[in-house]
Amino acid sequence: MKLKNFLYLYLFLCVGILSGCIDNDENEQPINPPASYACYIVNQGNFTEQNGEISIYDPQTGNIQNDVYRAANGRKLGSMVESVTVHGDLLVVMCNTVDKIVFLNSKTMQEVCEPITSLSTPRYAAIKGDKMYVSCWAVQDYSTWSVIKEQEIAVIDLNTKSVIKHLKTTGTMPEGMNITGNNLFVASGAGVDVYDTNTDTQIKRITSTLTGDAQKMEVDKNRMLWVSIGSFDSNQCGFMCINTQDLTANAEFAEPRLGMEGEIATSPKNDKIYFLPSLDYNDYSASMGIYELNVDSKTVSDNPVIKGVGFYGLGVDSLTGNIYTANINAFQTNSTMLIYNPAGNLLDSKTVGVNACRWVFD
């Protein structure tokens, strides 16, 4: 199911030629990130253009710096960008088409070593100590539908910036991950694979009764792990809630508004899970909204807490509770980042890169 979703999504993303893009020259330029607290914005880019980039936003001053990789390194990133992960002064960038993992200094945005190029379609990362786990999709020959390279979880030594292990997944096309205690949870197919990070062995498979694909994860105030189940078929979407102590699913319910990508983010107190439905790819001007799930009552708000159009991607500032999303302007040009307070009032908007989709605060 996920491969089909992947092909459909990229078909939608391959629309038009980029216009009005942020124009920096190819010379290296100094980056001035916020001194204490920054928001790193993933601008995914278009599938055929390979124009993914990173922006840096200062939540305190409202200052935005776009295209910072090119400014700092004197060249384009040359890929789509799926996600970024911050670890100390290290910013790790997961890139697709061309597939690579890029290691940057989070203050200067300059590369600190050669990228890893041996993995297929790196998606998301989770870090514990000096080990980084990366979910990687399979590679297929679409002419024969044969698998060229299996999906996996790659284990990377952050000291040497090299791959040291390859872990098999039970499900297909692994996605979001979370490390709680000594356990690594991986959204994989219609369920979650659990690994012991001490031994890097799989210890449990938790299968969802919903028939969509597990996508993203958030831990709530009760140490419960919420997993979004997404699909193009709204009847297959919903949430699974996992007890991180006994590794059992203590709740599952359908939520047809969740959408294919299963975008979720938690409030600062971890008492609410915000989620975003999928775009209407036939009408980018169609009204849509961000909804709220109460983790105690396990109920979803009837009405959206934020209304708008063209929303793509979701993030929450853990200090202020402000909610970040973007109008991707029909995938035709740069995105308009939108920042709302928890009451749903628009606080600020900024022009960022193409297909802004993730916000990481550090």
# chains A, B, ... in the order shown; residues from 1 in each chain; ligands from 1
call {"tool": "select_by_dssp", "arguments": {"residues": "segment 84-176 of chain A", "states": "strand (DSSP E)", "output": "number ranges by chain"}}
result
A: 84-87, 90-96, 100-105, 122-128, 131-136, 139-141, 146-149, 152-157, 162-167
call {"tool": "write_last_selection", "arguments": {"atoms": "N, CA and C atoms", "output": "compact mmCIF listing (two decimals), in the first residue's frame"}}
result
# COMPACT_ATOMS: atom_id res chain seq x y z
N VAL A 84 15.07 16.60 8.92
CA VAL A 84 16.34 16.92 9.56
C VAL A 84 16.25 16.52 11.03
N THR A 85 17.41 16.20 11.60
CA THR A 85 17.51 15.84 13.01
C THR A 85 18.67 16.61 13.61
N VAL A 86 18.44 17.23 14.77
CA VAL A 86 19.48 18.00 15.44
C VAL A 86 20.02 17.20 16.62
N HIS A 87 21.36 17.19 16.75
CA HIS A 87 22.02 16.48 17.85
C HIS A 87 23.24 17.30 18.25
N LEU A 90 25.30 19.20 15.65
CA LEU A 90 25.18 18.46 14.39
C LEU A 90 23.75 18.53 13.87
N LEU A 91 23.61 18.89 12.61
CA LEU A 91 22.32 18.86 11.93
C LEU A 91 22.42 17.83 10.82
N VAL A 92 21.60 16.80 10.90
CA VAL A 92 21.65 15.69 9.95
C VAL A 92 20.47 15.81 9.00
N VAL A 93 20.74 15.78 7.70
CA VAL A 93 19.73 16.01 6.67
C VAL A 93 19.51 14.72 5.89
N MET A 94 18.24 14.25 5.85
CA MET A 94 17.88 13.06 5.09
C MET A 94 17.39 13.49 3.70
N CYS A 95 18.10 13.09 2.69
CA CYS A 95 17.82 13.53 1.33
C CYS A 95 17.38 12.36 0.44
N ASN A 96 16.43 12.64 -0.43
CA ASN A 96 15.98 11.69 -1.45
C ASN A 96 16.22 12.30 -2.82
N LYS A 100 20.96 10.59 -0.03
CA LYS A 100 22.17 10.79 0.77
C LYS A 100 21.79 11.32 2.13
N ILE A 101 22.72 11.16 3.07
CA ILE A 101 22.59 11.74 4.40
C ILE A 101 23.73 12.74 4.55
N VAL A 102 23.37 13.99 4.83
CA VAL A 102 24.33 15.08 4.87
C VAL A 102 24.50 15.54 6.33
N PHE A 103 25.74 15.72 6.75
CA PHE A 103 26.05 16.12 8.11
C PHE A 103 26.54 17.57 8.11
N LEU A 104 25.82 18.43 8.84
CA LEU A 104 26.15 19.86 8.86
C LEU A 104 26.42 20.32 10.29
N ASN A 105 27.24 21.35 10.41
CA ASN A 105 27.35 22.06 11.67
C ASN A 105 26.11 22.94 11.81
N PRO A 122 16.70 7.49 2.41
CA PRO A 122 16.62 7.74 3.86
C PRO A 122 15.47 8.68 4.18
N ARG A 123 14.72 8.35 5.22
CA ARG A 123 13.50 9.09 5.54
C ARG A 123 13.61 9.88 6.85
N TYR A 124 13.74 9.16 7.96
CA TYR A 124 13.76 9.81 9.28
C TYR A 124 14.86 9.21 10.13
N ALA A 125 15.25 9.94 11.18
CA ALA A 125 16.32 9.49 12.05
C ALA A 125 15.92 9.62 13.51
N ALA A 126 16.49 8.76 14.35
CA ALA A 126 16.36 8.85 15.80
C ALA A 126 17.73 8.55 16.39
N ILE A 127 18.12 9.29 17.42
CA ILE A 127 19.48 9.20 17.96
C ILE A 127 19.45 8.83 19.43
N LYS A 128 20.35 7.90 19.78
CA LYS A 128 20.62 7.59 21.18
C LYS A 128 22.12 7.45 21.36
N LYS A 131 24.76 6.57 18.48
CA LYS A 131 24.15 5.80 17.39
C LYS A 131 22.94 6.54 16.82
N MET A 132 22.87 6.56 15.51
CA MET A 132 21.72 7.14 14.83
C MET A 132 21.05 6.06 13.99
N TYR A 133 19.74 5.93 14.16
CA TYR A 133 18.95 4.96 13.40
C TYR A 133 18.21 5.70 12.29
N VAL A 134 18.27 5.17 11.08
CA VAL A 134 17.67 5.84 9.92
C VAL A 134 16.73 4.87 9.21
N SER A 135 15.48 5.28 9.02
CA SER A 135 14.54 4.46 8.25
C SER A 135 14.78 4.67 6.76
N CYS A 136 14.87 3.57 6.04
CA CYS A 136 15.18 3.62 4.61
C CYS A 136 14.17 2.79 3.83
N VAL A 139 14.18 0.02 -2.76
CA VAL A 139 14.34 0.50 -4.14
C VAL A 139 13.79 -0.58 -5.07
N GLN A 140 12.95 -0.15 -6.01
CA GLN A 140 12.34 -1.11 -6.92
C GLN A 140 12.61 -0.74 -8.37
N ASP A 141 12.64 -1.76 -9.19
CA ASP A 141 12.68 -1.59 -10.63
C ASP A 141 11.22 -1.54 -11.08
N SER A 146 10.31 -5.49 -9.40
CA SER A 146 11.19 -6.31 -8.56
C SER A 146 11.96 -5.41 -7.60
N VAL A 147 12.28 -5.95 -6.43
CA VAL A 147 12.99 -5.20 -5.41
C VAL A 147 14.49 -5.26 -5.68
N ILE A 148 15.10 -4.08 -5.84
CA ILE A 148 16.54 -4.00 -6.04
C ILE A 148 17.26 -3.97 -4.70
N LYS A 149 16.68 -3.23 -3.75
CA LYS A 149 17.26 -3.14 -2.42
C LYS A 149 16.14 -3.13 -1.39
N GLU A 152 15.02 -1.03 5.19
CA GLU A 152 15.81 -1.39 6.36
C GLU A 152 15.86 -0.22 7.34
N ILE A 153 16.43 -0.49 8.51
CA ILE A 153 16.85 0.53 9.45
C ILE A 153 18.37 0.50 9.46
N ALA A 154 18.98 1.58 9.01
CA ALA A 154 20.44 1.67 9.01
C ALA A 154 20.89 2.24 10.34
N VAL A 155 21.95 1.67 10.89
CA VAL A 155 22.53 2.16 12.14
C VAL A 155 23.85 2.85 11.81
N ILE A 156 23.98 4.10 12.24
CA ILE A 156 25.14 4.92 11.90
C ILE A 156 25.89 5.32 13.16
N ASP A 157 27.21 5.15 13.14
CA ASP A 157 28.08 5.61 14.22
C ASP A 157 28.33 7.09 14.00
N SER A 162 29.60 6.73 9.76
CA SER A 162 29.58 5.57 8.86
C SER A 162 28.51 4.59 9.29
N VAL A 163 28.00 3.81 8.33
CA VAL A 163 26.99 2.80 8.60
C VAL A 163 27.66 1.58 9.22
N ILE A 164 27.14 1.12 10.36
CA ILE A 164 27.75 -0.02 11.05
C ILE A 164 26.83 -1.24 11.10
N LYS A 165 25.53 -1.05 10.89
CA LYS A 165 24.60 -2.17 10.93
C LYS A 165 23.42 -1.91 10.00
N HIS A 166 22.74 -3.00 9.64
CA HIS A 166 21.51 -2.93 8.85
C HIS A 166 20.48 -3.81 9.54
N LEU A 167 19.39 -3.22 10.01
CA LEU A 167 18.35 -3.96 10.71
C LEU A 167 17.16 -4.20 9.78
call {"tool": "closest_atom_pairs", "arguments": {"of": "segment 300-319 of chain A", "to": "segment 334-355 of chain A", "cutoff": "8 Å", "atoms": "only C-alpha atoms", "output": "JSON lines"}}
result
{"residue": "A:Val305", "atom": "CA", "partner": "A:Gly344", "partner_atom": "CA", "distance": 5.7}
{"residue": "A:Ile306", "atom": "CA", "partner": "A:Gly344", "partner_atom": "CA", "distance": 4.9}
{"residue": "A:Lys307", "atom": "CA", "partner": "A:Gly344", "partner_atom": "CA", "distance": 7.9}
{"residue": "A:Tyr312", "atom": "CA", "partner": "A:Asn355", "partner_atom": "CA", "distance": 7.4}
call {"tool": "write_last_selection", "arguments": {"atoms": "N, CA and C atoms", "output": "compact mmCIF listing (two decimals), in the first residue's frame"}}
result
# COMPACT_ATOMS: atom_id res chain seq x y z
N VAL A 305 -8.91 23.61 15.06
CA VAL A 305 -8.44 24.72 15.89
C VAL A 305 -7.84 25.81 15.02
N ILE A 306 -7.44 25.44 13.79
CA ILE A 306 -6.90 26.39 12.82
C ILE A 306 -7.50 26.07 11.46
N LYS A 307 -7.98 27.10 10.77
CA LYS A 307 -8.54 26.93 9.44
C LYS A 307 -7.67 27.64 8.42
N TYR A 312 0.44 22.16 4.40
CA TYR A 312 1.29 21.01 4.11
C TYR A 312 2.39 20.98 5.16
call {"tool": "select_by_dssp", "arguments": {"residues": "segment 43-109 of chain A", "states": "helix (DSSP H, G or I)", "output": "list in words"}}
result
Val68, Tyr69, Arg70, Ala71, Ala72 and Asn73 of chain A
call {"tool": "write_last_selection", "arguments": {"atoms": "C-alpha atoms", "output": "PDB file, in the first residue's frame"}}
result
ATOM      1  CA  VAL A  68      21.156  28.380   4.052  1.00  0.00           C
ATOM      2  CA  TYR A  69      22.874  25.238   2.764  1.00  0.00           C
ATOM      3  CA  ARG A  70      23.731  26.897  -0.532  1.00  0.00           C
ATOM      4  CA  ALA A  71      24.787  30.085   1.226  1.00  0.00           C
ATOM      5  CA  ALA A  72      27.151  28.207   3.551  1.00  0.00           C
ATOM      6  CA  ASN A  73      28.524  25.658   1.081  1.00  0.00           C
TER       7      ASN A  73
END
call {"tool": "residues_around", "arguments": {"residues": "Glu53 of chain A", "least_positions_apart": "4", "cutoff": "9 Å", "atoms": "only C-alpha atoms", "output": "PDB file with N, CA and C atoms, in the first residue's frame"}}
result
ATOM      1  N   ILE A  41      13.747  24.705   9.209  1.00  0.00           N
ATOM      2  CA  ILE A  41      12.603  24.421   8.341  1.00  0.00           C
ATOM      3  C   ILE A  41      13.049  23.558   7.172  1.00  0.00           C
ATOM      4  N   VAL A  42      12.375  22.431   6.998  1.00  0.00           N
ATOM      5  CA  VAL A  42      12.636  21.563   5.860  1.00  0.00           C
ATOM      6  C   VAL A  42      11.774  22.015   4.693  1.00  0.00           C
ATOM      7  N   ASN A  43      12.432  22.457   3.632  1.00  0.00           N
ATOM      8  CA  ASN A  43      11.750  22.763   2.376  1.00  0.00           C
ATOM      9  C   ASN A  43      12.012  21.584   1.444  1.00  0.00           C
ATOM     10  N   GLN A  44      11.007  20.749   1.299  1.00  0.00           N
ATOM     11  CA  GLN A  44      11.183  19.462   0.631  1.00  0.00           C
ATOM     12  C   GLN A  44      11.639  19.597  -0.813  1.00  0.00           C
ATOM     13  N   GLY A  45      11.135  20.595  -1.512  1.00  0.00           N
ATOM     14  CA  GLY A  45      11.440  20.747  -2.927  1.00  0.00           C
ATOM     15  C   GLY A  45      10.535  19.887  -3.792  1.00  0.00           C
ATOM     16  N   ASN A  66      16.815  32.006   4.340  1.00  0.00           N
ATOM     17  CA  ASN A  66      16.452  30.961   3.408  1.00  0.00           C
ATOM     18  C   ASN A  66      17.677  30.434   2.665  1.00  0.00           C
ATOM     19  N   ASP A  67      17.519  29.199   2.165  1.00  0.00           N
ATOM     20  CA  ASP A  67      18.549  28.611   1.308  1.00  0.00           C
ATOM     21  C   ASP A  67      19.904  28.606   1.994  1.00  0.00           C
ATOM     22  N   VAL A  68      19.937  28.225   3.264  1.00  0.00           N
ATOM     23  CA  VAL A  68      21.156  28.380   4.052  1.00  0.00           C
ATOM     24  C   VAL A  68      22.232  27.367   3.681  1.00  0.00           C
ATOM     25  N   TYR A  69      21.845  26.194   3.182  1.00  0.00           N
ATOM     26  CA  TYR A  69      22.874  25.238   2.764  1.00  0.00           C
ATOM     27  C   TYR A  69      23.694  25.804   1.609  1.00  0.00           C
ATOM     28  N   ARG A  70      23.019  26.339   0.618  1.00  0.00           N
ATOM     29  CA  ARG A  70      23.731  26.897  -0.532  1.00  0.00           C
ATOM     30  C   ARG A  70      24.573  28.106  -0.118  1.00  0.00           C
ATOM     31  N   LYS A  76      24.158  23.972  -4.394  1.00  0.00           N
ATOM     32  CA  LYS A  76      22.847  23.491  -4.017  1.00  0.00           C
ATOM     33  C   LYS A  76      22.951  22.128  -3.335  1.00  0.00           C
ATOM     34  N   LEU A  77      21.962  21.838  -2.528  1.00  0.00           N
ATOM     35  CA  LEU A  77      21.909  20.537  -1.877  1.00  0.00           C
ATOM     36  C   LEU A  77      21.674  19.428  -2.901  1.00  0.00           C
ATOM     37  N   GLY A  78      20.906  19.725  -3.947  1.00  0.00           N
ATOM     38  CA  GLY A  78      20.748  18.801  -5.068  1.00  0.00           C
ATOM     39  C   GLY A  78      19.918  17.577  -4.779  1.00  0.00           C
ATOM     40  N   SER A  79      18.933  17.686  -3.904  1.00  0.00           N
ATOM     41  CA  SER A  79      18.050  16.573  -3.562  1.00  0.00           C
ATOM     42  C   SER A  79      16.717  17.125  -3.085  1.00  0.00           C
ATOM     43  N   MET A  80      15.743  16.239  -2.962  1.00  0.00           N
ATOM     44  CA  MET A  80      14.613  16.534  -2.091  1.00  0.00           C
ATOM     45  C   MET A  80      15.074  16.331  -0.657  1.00  0.00           C
ATOM     46  N   VAL A  81      14.474  17.033   0.272  1.00  0.00           N
ATOM     47  CA  VAL A  81      14.807  16.871   1.684  1.00  0.00           C
ATOM     48  C   VAL A  81      13.593  16.303   2.401  1.00  0.00           C
ATOM     49  N   GLY A 353      11.102  28.159   1.459  1.00  0.00           N
ATOM     50  CA  GLY A 353      11.414  27.444   0.231  1.00  0.00           C
ATOM     51  C   GLY A 353      10.242  26.661  -0.330  1.00  0.00           C
ATOM     52  N   VAL A 354      10.523  25.810  -1.290  1.00  0.00           N
ATOM     53  CA  VAL A 354       9.499  25.042  -1.995  1.00  0.00           C
ATOM     54  C   VAL A 354       9.047  23.855  -1.149  1.00  0.00           C
TER      55      VAL A 354
END
call {"tool": "residues_around", "arguments": {"residues": "segment 208-219 of chain A", "least_positions_apart": "5", "cutoff": "6 Å", "atoms": "only C-alpha atoms", "output": "ChimeraX atom specification"}}
result
/A:175-176,187-191,224-231,236-237,262
call {"tool": "residues_around", "arguments": {"residues": "segment 313-325 of chain A", "least_positions_apart": "2", "cutoff": "8 Å", "atoms": "only C-alpha atoms", "output": "PyMOL selection string"}}
result
chain A and resi 263-268+275-276+311+327+337-342+356-361
call {"tool": "atom_distance", "arguments": {"atom1": "atom CA of Thr144 of chain A", "atom2": "atom CA of Phe232 of chain A"}}
result
24.2 Å
